[in-house]
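Content type CSV, C-alpha atoms, from the file final-v7.csv:
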```csv
chain,number,residue,atom,x,y,z
A,189,MET,CA,3.2,-30.3,-49.7
A,190,LYS,CA,6.9,-29.6,-50.5
A,191,ILE,CA,7.8,-26.1,-49.6
A,192,GLY,CA,11.1,-24.4,-50.4
A,193,ILE,CA,11.9,-21.4,-48.2
A,194,ILE,CA,14.5,-18.9,-49.3
A,195,GLY,CA,16.1,-17.4,-46.2
A,196,THR,CA,16.9,-18.7,-42.8
A,197,GLY,CA,16.0,-15.6,-40.7
A,198,ARG,CA,13.3,-15.4,-38.1
A,199,ILE,CA,10.4,-15.4,-40.6
A,200,GLY,CA,11.7,-18.3,-42.6
A,201,THR,CA,12.5,-20.5,-39.6
A,202,GLY,CA,9.2,-19.7,-37.9
A,203,LEU,CA,7.2,-20.6,-41.0
A,204,ALA,CA,9.3,-23.8,-41.4
A,205,LYS,CA,8.5,-24.8,-37.8
A,206,ARG,CA,4.8,-24.3,-38.2
A,207,TRP,CA,4.6,-26.1,-41.6
A,208,THR,CA,6.6,-29.1,-40.6
A,209,GLU,CA,4.3,-29.4,-37.6
A,210,ALA,CA,1.4,-29.4,-40.0
A,211,GLY,CA,2.9,-32.3,-42.0
A,212,HIS,CA,4.6,-30.5,-44.8
A,213,SER,CA,8.1,-31.2,-46.1
A,214,VAL,CA,10.2,-28.1,-45.9
A,215,LEU,CA,13.7,-27.2,-47.2
A,216,LEU,CA,15.3,-24.1,-45.8
A,217,GLY,CA,17.7,-22.4,-48.3
A,218,SER,CA,20.6,-20.2,-47.5
A,219,ARG,CA,23.6,-18.8,-49.4
A,220,ASP,CA,25.6,-21.2,-47.1
A,221,ALA,CA,24.1,-24.7,-47.3
A,222,GLY,CA,26.1,-25.8,-44.3
A,223,LYS,CA,24.6,-23.1,-42.2
A,224,ALA,CA,21.1,-23.9,-43.5
A,225,THR,CA,21.4,-27.6,-42.6
A,226,GLY,CA,22.1,-26.8,-38.9
A,227,ILE,CA,19.3,-24.2,-38.7
A,228,ALA,CA,16.8,-26.4,-40.5
A,229,ALA,CA,17.4,-29.4,-38.3
A,230,ALA,CA,16.3,-27.3,-35.3
A,231,VAL,CA,12.9,-26.8,-36.8
A,232,GLY,CA,12.4,-30.3,-38.4
A,233,ALA,CA,13.3,-29.2,-42.0
A,234,GLN,CA,15.9,-30.0,-44.5
A,235,GLY,CA,18.7,-27.5,-45.4
A,236,GLY,CA,20.3,-26.5,-48.7
A,237,THR,CA,21.0,-23.6,-51.0
A,238,TYR,CA,18.6,-21.1,-52.3
A,239,GLN,CA,18.5,-22.9,-55.7
A,240,GLN,CA,17.8,-26.2,-53.9
A,241,ALA,CA,14.9,-24.6,-52.2
A,242,VAL,CA,13.5,-23.5,-55.5
A,243,ASP,CA,14.0,-26.9,-57.1
A,244,PHE,CA,12.5,-28.7,-54.0
A,245,GLY,CA,9.4,-26.6,-53.5
A,246,GLU,CA,6.0,-27.0,-55.1
A,247,VAL,CA,5.6,-23.6,-53.4
A,248,VAL,CA,8.5,-21.3,-52.8
A,249,VAL,CA,8.6,-18.7,-50.1
A,250,LEU,CA,10.9,-15.7,-50.2
A,251,THR,CA,11.8,-14.5,-46.7
A,252,THR,CA,15.1,-12.7,-47.3
A,253,PRO,CA,15.4,-9.0,-46.3
A,254,TRP,CA,14.1,-6.7,-49.0
A,255,GLU,CA,17.6,-5.4,-49.7
A,256,ALA,CA,18.7,-8.9,-50.7
A,257,ALA,CA,15.7,-9.8,-52.8
A,258,GLU,CA,16.7,-8.6,-56.2
A,259,GLU,CA,20.2,-10.2,-56.2
A,260,THR,CA,18.8,-13.4,-54.8
A,261,LEU,CA,16.0,-13.8,-57.4
A,262,HIS,CA,18.3,-12.9,-60.3
A,263,SER,CA,20.6,-15.8,-59.2
A,264,LEU,CA,17.8,-18.4,-59.4
A,265,THR,CA,16.3,-20.5,-62.2
A,266,GLY,CA,13.1,-22.6,-62.3
A,267,LEU,CA,10.6,-20.2,-60.8
A,268,ALA,CA,8.4,-19.9,-63.9
A,269,GLY,CA,4.9,-21.2,-63.2
A,270,LYS,CA,5.6,-21.8,-59.5
A,271,THR,CA,3.7,-20.1,-56.6
A,272,LEU,CA,6.1,-17.7,-55.0
A,273,ILE,CA,5.0,-16.3,-51.6
A,274,GLU,CA,6.9,-13.1,-50.8
A,275,THR,CA,7.0,-11.7,-47.3
A,276,THR,CA,9.1,-8.6,-47.9
A,277,ASN,CA,8.5,-4.9,-47.1
A,278,LYS,CA,10.0,-2.2,-49.2
A,279,LEU,CA,10.1,0.5,-46.5
A,280,ARG,CA,13.0,2.8,-47.6
A,281,ASP,CA,13.4,2.1,-51.3
A,282,PRO,CA,12.6,5.1,-53.5
A,283,ARG,CA,11.4,3.2,-56.5
A,284,PRO,CA,7.7,3.8,-57.2
A,285,GLU,CA,6.7,0.1,-57.6
A,286,THR,CA,5.7,-2.1,-54.7
A,287,SER,CA,8.0,-4.9,-53.6
A,288,THR,CA,5.4,-7.4,-55.0
A,289,GLU,CA,5.5,-5.7,-58.4
A,290,LEU,CA,9.3,-5.8,-58.5
A,291,ILE,CA,9.5,-9.4,-57.3
A,292,ALA,CA,7.1,-10.4,-60.0
A,293,ARG,CA,9.4,-8.8,-62.5
A,294,TRP,CA,12.5,-10.4,-61.1
A,295,SER,CA,11.1,-13.9,-60.7
A,296,ASN,CA,10.8,-14.8,-64.4
A,297,GLY,CA,7.2,-16.0,-64.6
A,298,ALA,CA,6.4,-17.0,-61.0
A,299,LYS,CA,2.9,-16.6,-59.6
A,300,VAL,CA,3.6,-14.1,-56.9
A,301,VAL,CA,1.5,-13.8,-53.8
A,302,LYS,CA,2.3,-11.3,-51.0
A,303,ALA,CA,1.6,-12.6,-47.5
A,304,PHE,CA,3.1,-12.7,-44.0
A,305,ASN,CA,4.5,-9.2,-44.3
A,306,THR,CA,2.1,-7.8,-41.7
A,307,VAL,CA,2.9,-10.2,-38.9
A,308,PHE,CA,5.9,-10.0,-36.5
A,309,ALA,CA,8.3,-13.1,-36.4
A,310,GLN,CA,7.6,-13.4,-32.7
A,311,ILE,CA,4.0,-14.3,-33.4
A,312,ILE,CA,4.9,-16.9,-36.1
A,313,HIS,CA,7.3,-18.5,-33.6
A,314,THR,CA,4.6,-18.7,-30.9
A,315,PRO,CA,2.7,-22.0,-31.2
A,316,PRO,CA,-0.9,-21.3,-32.3
A,317,ALA,CA,-2.3,-22.8,-29.1
A,318,GLU,CA,-0.3,-20.2,-27.0
A,319,ARG,CA,-1.5,-17.2,-29.0
A,320,LEU,CA,-4.2,-14.9,-27.5
A,321,ALA,CA,-6.0,-14.6,-30.9
A,322,ARG,CA,-5.9,-15.9,-34.4
A,323,ALA,CA,-4.5,-13.0,-36.5
A,324,ASP,CA,-5.6,-12.3,-40.1
A,325,ILE,CA,-2.9,-12.4,-42.9
A,326,PRO,CA,-3.8,-10.2,-45.9
A,327,MET,CA,-2.7,-11.7,-49.2
A,328,VAL,CA,-2.6,-10.2,-52.6
A,329,GLY,CA,-1.8,-11.6,-56.0
A,330,ASP,CA,-3.2,-12.0,-59.5
A,331,HIS,CA,-3.4,-15.8,-59.7
A,332,ALA,CA,-6.3,-17.5,-58.0
A,333,ASP,CA,-4.7,-20.9,-57.9
A,334,ALA,CA,-1.6,-19.5,-56.2
A,335,LYS,CA,-3.7,-17.6,-53.7
A,336,ALA,CA,-5.6,-20.8,-52.9
A,337,LEU,CA,-2.3,-22.5,-52.1
A,338,ALA,CA,-1.1,-19.6,-50.0
A,339,ALA,CA,-4.4,-19.5,-48.1
A,340,GLY,CA,-4.0,-23.1,-47.1
A,341,LEU,CA,-0.4,-22.5,-45.9
A,342,ILE,CA,-1.6,-19.4,-43.9
A,343,ARG,CA,-4.2,-21.6,-42.1
A,344,ASP,CA,-1.5,-24.3,-41.5
A,345,ALA,CA,0.7,-21.7,-39.8
A,346,GLY,CA,-2.2,-20.8,-37.4
A,347,PHE,CA,-3.6,-17.7,-39.1
A,348,ASN,CA,-6.7,-16.6,-41.0
A,349,PRO,CA,-6.1,-15.8,-44.7
A,350,LEU,CA,-7.7,-12.6,-45.9
A,351,ASP,CA,-7.9,-12.2,-49.7
A,352,ALA,CA,-7.0,-8.6,-50.2
A,353,GLY,CA,-7.4,-8.6,-54.0
A,354,GLY,CA,-4.9,-8.4,-56.9
A,355,MET,CA,-1.3,-7.2,-57.0
A,356,ALA,CA,-2.5,-3.6,-57.4
A,357,ASN,CA,-3.5,-3.7,-53.8
A,358,ALA,CA,0.0,-4.6,-52.6
A,359,ARG,CA,0.7,-1.0,-51.8
A,360,HIS,CA,-2.1,-1.0,-49.2
A,361,VAL,CA,-0.8,-4.2,-47.6
A,362,GLU,CA,2.7,-2.8,-47.4
A,363,ASN,CA,1.2,0.3,-45.7
A,364,LEU,CA,-0.4,-2.0,-43.2
A,365,ALA,CA,3.0,-3.4,-42.5
A,366,ALA,CA,4.6,0.0,-42.1
A,367,PHE,CA,1.8,1.0,-39.7
A,368,ILE,CA,2.1,-2.0,-37.4
A,369,ILE,CA,5.9,-1.7,-37.4
A,370,ALA,CA,5.5,2.0,-36.3
A,371,LEU,CA,3.1,0.9,-33.5
A,372,GLY,CA,5.2,-2.0,-32.4
A,373,TYR,CA,8.6,-0.3,-32.3
A,374,GLY,CA,8.0,3.5,-32.5
A,375,GLU,CA,5.1,3.6,-30.1
A,376,GLY,CA,6.3,0.8,-27.9
A,377,LEU,CA,3.4,-1.6,-28.3
A,378,GLY,CA,5.6,-4.5,-28.9
A,379,THR,CA,5.9,-7.3,-31.4
A,380,GLY,CA,3.0,-9.4,-30.1
A,381,LEU,CA,0.6,-7.0,-32.0
A,382,SER,CA,-1.2,-8.1,-35.1
A,383,TYR,CA,-4.3,-7.4,-37.3
A,384,GLN,CA,-7.7,-9.0,-36.9
A,385,PHE,CA,-10.4,-7.6,-39.2
A,386,VAL,CA,-13.9,-7.7,-37.8
A,387,ARG,CA,-17.2,-7.2,-39.7
A,388,VAL,CA,-19.1,-4.8,-37.4
A,389,THR,CA,-22.4,-4.5,-39.4
A,390,PRO,CA,-24.1,-6.9,-41.9
```

Encoded form using structure tokens:
Amino acid sequence: MKIGIIGTGRIGTGLAKRWTEAGHSVLLGSRDAGKATGIAAAVGAQGGTYQQAVDFGEVVVLTTPWEAAEETLHSLTGLAGKTLIETTNKLRDPRPETSTELIARWSNGAKVVKAFNTVFAQIIHTPPAERLARADIPMVGDHADAKALAAGLIRDAGFNPLDAGGMANARHVENLAAFIIALGYGEGLGTGLSYQFVRVTP
């Protein structure tokens, strides 16, 4: 599959590495195409601009910091009808909508799926064979076909997809992210911590 990743930070580069290893073609997009090319080469991907990532990808993945998401999405064309996986967390923004709801508004008809927002970049960068457990990645969205694509990419990155329902549940998934960030940083448990949901009774 052709995957366009918007953002060259730790989440974007980690996912690019995992997906190129799984046989996907990946283009990492940055505001600075030259910068993206160098970073992408280190993880086996191509580099380009944000718009080139959108044009390239059958699936597009937004990994910019939340603070850059609105401006970035308003600058792009061609997202309508595409699966857009967004990994952001809106932790200190006072607007009542979730990040997923706002991104759906700003992305002009993309099929938005929230995923990878509850896992630290350190874990994504760790090869699956070296991890102590296979973490669950909750995903939410209103389009079954987009969630099916996202589920496959979650597996290819070495995680278990957990269908957490429609976009209305994005708030709960964002709260999971806020909680694990508080545990990892505030309580000193570190960034090797993640979620694994277990059925305890039938």

Among A:Ser295, A:Ser218, A:Gln234, A:Asn305, Lys190 of chain A is approached most closely, using all atoms listed in the file, by A:Gln234

**Q.** Surrounding residues of Gly222 of chain A excluding itself and chain neighbours under 6 positions, 10 Å, all atoms listed in the file, as a ChimeraX atom specification
**A.** /A:235-237

For the point (1.0, -6.6, -59.8) in the file's frame, write as a compact mmCIF listing (two decimals) with C-alpha atoms, in the coordinates of the input all residues with an atom no more than 12 Å away, counting all atoms listed in the file.
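This is the output file selection_17.txt:
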```
# COMPACT_ATOMS: atom_id res chain seq x y z
CA GLU A 285 6.70 0.10 -57.60
CA THR A 286 5.70 -2.10 -54.70
CA SER A 287 8.00 -4.90 -53.60
CA THR A 288 5.40 -7.40 -55.00
CA GLU A 289 5.50 -5.70 -58.40
CA LEU A 290 9.30 -5.80 -58.50
CA ILE A 291 9.50 -9.40 -57.30
CA ALA A 292 7.10 -10.40 -60.00
CA ARG A 293 9.40 -8.80 -62.50
CA ALA A 298 6.40 -17.00 -61.00
CA LYS A 299 2.90 -16.60 -59.60
CA VAL A 300 3.60 -14.10 -56.90
CA VAL A 301 1.50 -13.80 -53.80
CA LYS A 302 2.30 -11.30 -51.00
CA VAL A 328 -2.60 -10.20 -52.60
CA GLY A 329 -1.80 -11.60 -56.00
CA ASP A 330 -3.20 -12.00 -59.50
CA HIS A 331 -3.40 -15.80 -59.70
CA GLY A 353 -7.40 -8.60 -54.00
CA GLY A 354 -4.90 -8.40 -56.90
CA MET A 355 -1.30 -7.20 -57.00
CA ALA A 356 -2.50 -3.60 -57.40
CA ASN A 357 -3.50 -3.70 -53.80
CA ALA A 358 0.00 -4.60 -52.60
CA ARG A 359 0.70 -1.00 -51.80
```

Check which residues of segment 287-330 of chain A sit at most 9 Å from segment 377-385 of chain A using all atoms listed in the file, and return one row each with the closest pair of atoms and their distance in Å to one decimal, ordered by chain and rising number, as a Markdown table.
```
| residue | atom | partner | partner_atom | distance |
| --- | --- | --- | --- | --- |
| A:Thr306 | CA | A:Ser382 | CA | 7.4 |
| A:Val307 | CA | A:Ser382 | CA | 6.0 |
| A:Phe308 | CA | A:Thr379 | CA | 5.8 |
| A:Ala309 | CA | A:Thr379 | CA | 8.0 |
| A:Gln310 | CA | A:Thr379 | CA | 6.5 |
| A:Ile311 | CA | A:Gly380 | CA | 6.0 |
| A:Ala321 | CA | A:Gln384 | CA | 8.4 |
| A:Arg322 | CA | A:Gln384 | CA | 7.6 |
| A:Ala323 | CA | A:Gln384 | CA | 5.1 |
| A:Asp324 | CA | A:Gln384 | CA | 5.1 |
| A:Ile325 | CA | A:Tyr383 | CA | 7.6 |
```

Counting only C-alpha atoms, closest pick from A:Ala221, A:Val214, A:Val247, A:Ala370 relative to Ala336 of chain A is A:Val247

- Message: Between A:Tyr238, A:Leu371, A:Val249, A:Thr201, which residue has the minimum interatomic distance to Leu341 of chain A, considering only C-alpha atoms?
- Response: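 Of all the options, A:Val249 lies closest to Leu341 of chain A.
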
- [ ] Measuring atom to atom with only C-alpha atoms, identify which of A:Glu246, A:His313, A:Ile191, A:Asn296 is nearest to Gly211 of chain A.
- [x]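 Answer, going by the shortest atom-to-atom distance: A:Ile191.
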
- For segment 252-269 of chain A, please output as a PyMOL selection string all residues within 7 Å (counting only C-alpha atoms; exclusion window: fewer than 5 positions along the same chain). chain A and resi 194-195+239+242-243+276-278+294-299

A straight line from atom CA of Lys335 of chain A to atom CA of Asp351 of chain A spans 7.9 Å

Between atom CA of Ala317 of chain A and atom CA of Ile193 of chain A - distance in Å to one decimal: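 Separation between atom CA of Ile193 of chain A and atom CA of Ala317 of chain A: 23.8 Å.
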
One decimal place gives the atom CA of Val386 of chain A-atom CA of Lys205 of chain A separation as 28.2 Å

Give the answer as one residue: which of A:Ala352, A:Ala339, A:Ile227, A:Leu364 has the shortest atom-to-atom distance to Thr271 of chain A, using all atoms listed in the file?
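That would be A:Ala339, the residue with the smallest distance to Thr271 of chain A.
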
### Query
Mind listing as a list in words all residues within 6 Å of (10.0, -14.8, -50.8), counting all atoms listed in the file?
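Neighbouring residues, ordered by chain and number, come to Val249, Leu250, Thr251, Ile273, Glu274 and Thr275 of chain A.
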
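In this comparison, which uses all atoms listed in the file, the residue of A:Ile369, A:Val361, A:Ile199, A:Ala233 approaching Leu215 of chain A most closely is A:Ala233.
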